[in-house]
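Single-structure report; data block below.
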Amino acid sequence: MLKPCDPIARTGVCSEYRWPVWNYVRPLRGIQDFAAAFDVLEAVLSRLPRTQVVSRDGSYLHALARSPKGYIDDVEFLAAPAERAIHMRSAARSGVFDFGVNRRRIRRVRRMFRAETARRGGR
């Protein structure tokens, strides 16, 4: 399971927990080949500025994203085979408000993931 986002501070988003609603984002759904999907996610993350994948195993990927001012956000992905989904989390390590940065990051990852999987011919 991914770590829940802070229910009071608006510093991140996560697809694994629907409460509080301002922290919720939809997971990546319809995944058939998780290894290929994680390859795509790793490629997508490598193209994001100031973002580096720090660990990956069969069902989990963890990256760090640094803001221009040096703040660090954790970006995580977790396979949920029973749901045919990949849960996503992007959250600041500190602060009380992220100005929507983490939600925009996840939206961008989702768009890039869809485009890259289409380019590669499927999921």
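Residue numbering restarts at 1 for every chain of the structure tokens, chains are lettered A, B, ... in their displayed order, and ligands are numbered from 1 as they appear.
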request  = List every residue of chain A that DSSP, applied to the backbone of this structure, places in strand (DSSP E or B), and write the result as a PyMOL selection string.
outcome  = chain A and resi 10+12-14+24+28-29+51-56+60-66+72-80+85-92+97
Serialized selection, C-alpha atoms, as an mmCIF file, in the first residue's frame:
```
data_model
loop_
_atom_site.group_PDB
_atom_site.id
_atom_site.type_symbol
_atom_site.label_atom_id
_atom_site.label_comp_id
_atom_site.auth_asym_id
_atom_site.auth_seq_id
_atom_site.Cartn_x
_atom_site.Cartn_y
_atom_site.Cartn_z
ATOM 1 C CA ARG A 10 -2.892 19.839 0.671
ATOM 2 C CA GLY A 12 -0.136 15.652 -2.518
ATOM 3 C CA VAL A 13 -2.447 13.307 -4.363
ATOM 4 C CA CYS A 14 -2.991 9.557 -4.236
ATOM 5 C CA TYR A 24 -7.754 11.718 -4.711
ATOM 6 C CA LEU A 28 -4.071 4.027 -14.272
ATOM 7 C CA ARG A 29 -6.664 1.391 -15.253
ATOM 8 C CA THR A 51 12.926 13.756 -11.621
ATOM 9 C CA GLN A 52 14.909 10.605 -10.923
ATOM 10 C CA VAL A 53 13.773 7.016 -10.400
ATOM 11 C CA VAL A 54 15.408 5.787 -7.196
ATOM 12 C CA SER A 55 13.963 2.272 -6.925
ATOM 13 C CA ARG A 56 11.911 -0.228 -8.844
ATOM 14 C CA TYR A 60 6.538 -0.726 -7.104
ATOM 15 C CA LEU A 61 8.371 2.265 -8.545
ATOM 16 C CA HIS A 62 9.645 5.230 -6.519
ATOM 17 C CA ALA A 63 11.000 8.481 -7.936
ATOM 18 C CA LEU A 64 12.076 11.796 -6.462
ATOM 19 C CA ALA A 65 11.101 15.100 -8.029
ATOM 20 C CA ARG A 66 12.920 18.270 -6.989
ATOM 21 C CA ILE A 72 11.578 17.141 -2.707
ATOM 22 C CA ASP A 73 8.404 15.300 -3.695
ATOM 23 C CA ASP A 74 7.972 11.522 -3.606
ATOM 24 C CA VAL A 75 6.372 10.050 -6.738
ATOM 25 C CA GLU A 76 5.243 6.443 -6.352
ATOM 26 C CA PHE A 77 3.462 3.792 -8.393
ATOM 27 C CA LEU A 78 2.099 0.483 -7.104
ATOM 28 C CA ALA A 79 0.683 -2.386 -9.171
ATOM 29 C CA ALA A 80 -2.777 -3.627 -8.202
ATOM 30 C CA ALA A 85 -4.577 -0.897 -12.223
ATOM 31 C CA ILE A 86 -1.511 1.016 -11.109
ATOM 32 C CA HIS A 87 -2.037 3.274 -8.122
ATOM 33 C CA MET A 88 -0.190 6.593 -8.095
ATOM 34 C CA ARG A 89 0.972 8.961 -5.396
ATOM 35 C CA SER A 90 2.826 12.261 -5.660
ATOM 36 C CA ALA A 91 3.374 14.195 -2.451
ATOM 37 C CA ALA A 92 5.619 16.812 -0.932
ATOM 38 C CA PHE A 97 0.262 23.466 0.470
#
```
task = Write out as a VMD selection string all residues of chain A that DSSP puts in helix (DSSP H, G or I) for this structure's backbone.
result = chain A and resid 21 to 23 34 to 46 81 to 83 101 to 120
query = Separation of CA of Ile106 (chain A) and CA of Arg93 (chain A), in Å?
reply = 16.1 Å
request  = Excluding Arg114 (chain A) and any residue of its chain fewer than 5 positions from it, enumerate the residues within 12 Å of it, using only C-alpha atoms, and give them as a list in words.
outcome  = Leu28, Arg29, Gly30, Ile31, Ala37, Val40, Leu41, Val44, Arg107, Arg108, Val109, Arg119, Arg120, Gly121, Gly122 and Arg123 of chain A
Pull N, CA and C atoms from the residues just selected and write them as an mmCIF file, in the first residue's frame.
```
data_model
loop_
_atom_site.group_PDB
_atom_site.id
_atom_site.type_symbol
_atom_site.label_atom_id
_atom_site.label_comp_id
_atom_site.auth_asym_id
_atom_site.auth_seq_id
_atom_site.Cartn_x
_atom_site.Cartn_y
_atom_site.Cartn_z
ATOM 1 N N LEU A 28 -4.168 4.462 -12.878
ATOM 2 C CA LEU A 28 -4.071 4.027 -14.272
ATOM 3 C C LEU A 28 -4.806 2.694 -14.351
ATOM 4 N N ARG A 29 -5.826 2.604 -15.184
ATOM 5 C CA ARG A 29 -6.664 1.391 -15.253
ATOM 6 C C ARG A 29 -6.461 0.638 -16.567
ATOM 7 N N GLY A 30 -6.923 -0.607 -16.562
ATOM 8 C CA GLY A 30 -6.870 -1.427 -17.767
ATOM 9 C C GLY A 30 -5.496 -1.970 -18.078
ATOM 10 N N ILE A 31 -4.657 -2.073 -17.070
ATOM 11 C CA ILE A 31 -3.287 -2.555 -17.282
ATOM 12 C C ILE A 31 -3.310 -4.068 -17.466
ATOM 13 N N ALA A 37 4.104 -1.813 -18.496
ATOM 14 C CA ALA A 37 3.580 -0.543 -17.984
ATOM 15 C C ALA A 37 4.614 0.162 -17.109
ATOM 16 N N VAL A 40 7.205 1.742 -19.266
ATOM 17 C CA VAL A 40 6.699 3.010 -19.808
ATOM 18 C C VAL A 40 6.774 4.101 -18.744
ATOM 19 N N LEU A 41 6.344 3.793 -17.518
ATOM 20 C CA LEU A 41 6.408 4.792 -16.442
ATOM 21 C C LEU A 41 7.837 5.254 -16.204
ATOM 22 N N VAL A 44 8.764 7.579 -18.982
ATOM 23 C CA VAL A 44 8.050 8.864 -18.813
ATOM 24 C C VAL A 44 8.722 9.700 -17.728
ATOM 25 N N ARG A 107 -1.184 14.332 -13.587
ATOM 26 C CA ARG A 107 -1.911 14.506 -14.855
ATOM 27 C C ARG A 107 -0.947 14.407 -16.039
ATOM 28 N N ARG A 108 0.196 15.025 -15.893
ATOM 29 C CA ARG A 108 1.193 14.984 -16.967
ATOM 30 C C ARG A 108 1.704 13.567 -17.168
ATOM 31 N N VAL A 109 2.000 12.861 -16.084
ATOM 32 C CA VAL A 109 2.449 11.470 -16.186
ATOM 33 C C VAL A 109 1.377 10.635 -16.889
ATOM 34 N N ARG A 119 2.052 4.719 -28.577
ATOM 35 C CA ARG A 119 3.185 4.670 -29.507
ATOM 36 C C ARG A 119 3.784 3.273 -29.568
ATOM 37 N N ARG A 120 3.832 2.600 -28.413
ATOM 38 C CA ARG A 120 4.402 1.248 -28.333
ATOM 39 C C ARG A 120 3.409 0.175 -28.764
ATOM 40 N N GLY A 121 2.149 0.569 -28.959
ATOM 41 C CA GLY A 121 1.165 -0.376 -29.467
ATOM 42 C C GLY A 121 0.383 -1.150 -28.438
ATOM 43 N N GLY A 122 0.094 -0.551 -27.282
ATOM 44 C CA GLY A 122 -0.743 -1.222 -26.292
ATOM 45 C C GLY A 122 -0.259 -1.043 -24.892
ATOM 46 N N ARG A 123 -0.848 -1.836 -23.980
ATOM 47 C CA ARG A 123 -0.479 -1.782 -22.575
ATOM 48 C C ARG A 123 0.208 -3.056 -22.217
#
```
ask   = Pick the closest to Gly95 (chain A) from A:Thr11, A:Ala82, A:Ala115, A:Leu2: which is it, counting only C-alpha atoms?
value = A:Thr11
request  = Quick one: pull the distance between CA of Arg47 (chain A) and CA of Arg105 (chain A), Å, one decimal.
outcome  =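 If I compute the distance from CA of Arg47 (chain A) to CA of Arg105 (chain A), I get 12.1 Å.
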message = Just checking: using only C-alpha atoms, which residue out of A:Arg50, A:Arg111, A:Arg104, A:Arg18 ends up closest to Tyr71 (chain A)?
response =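 Using only C-alpha atoms, Tyr71 (chain A) sits closest to A:Arg50.
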task = List the neighbours of region 32-35 of chain A out to 8 Å using only C-alpha atoms; skip same-chain residues closer than 3 positions along the sequence, and give me the result as a ChimeraX atom specification.
result = /A:38-39,58-59,79,84,123
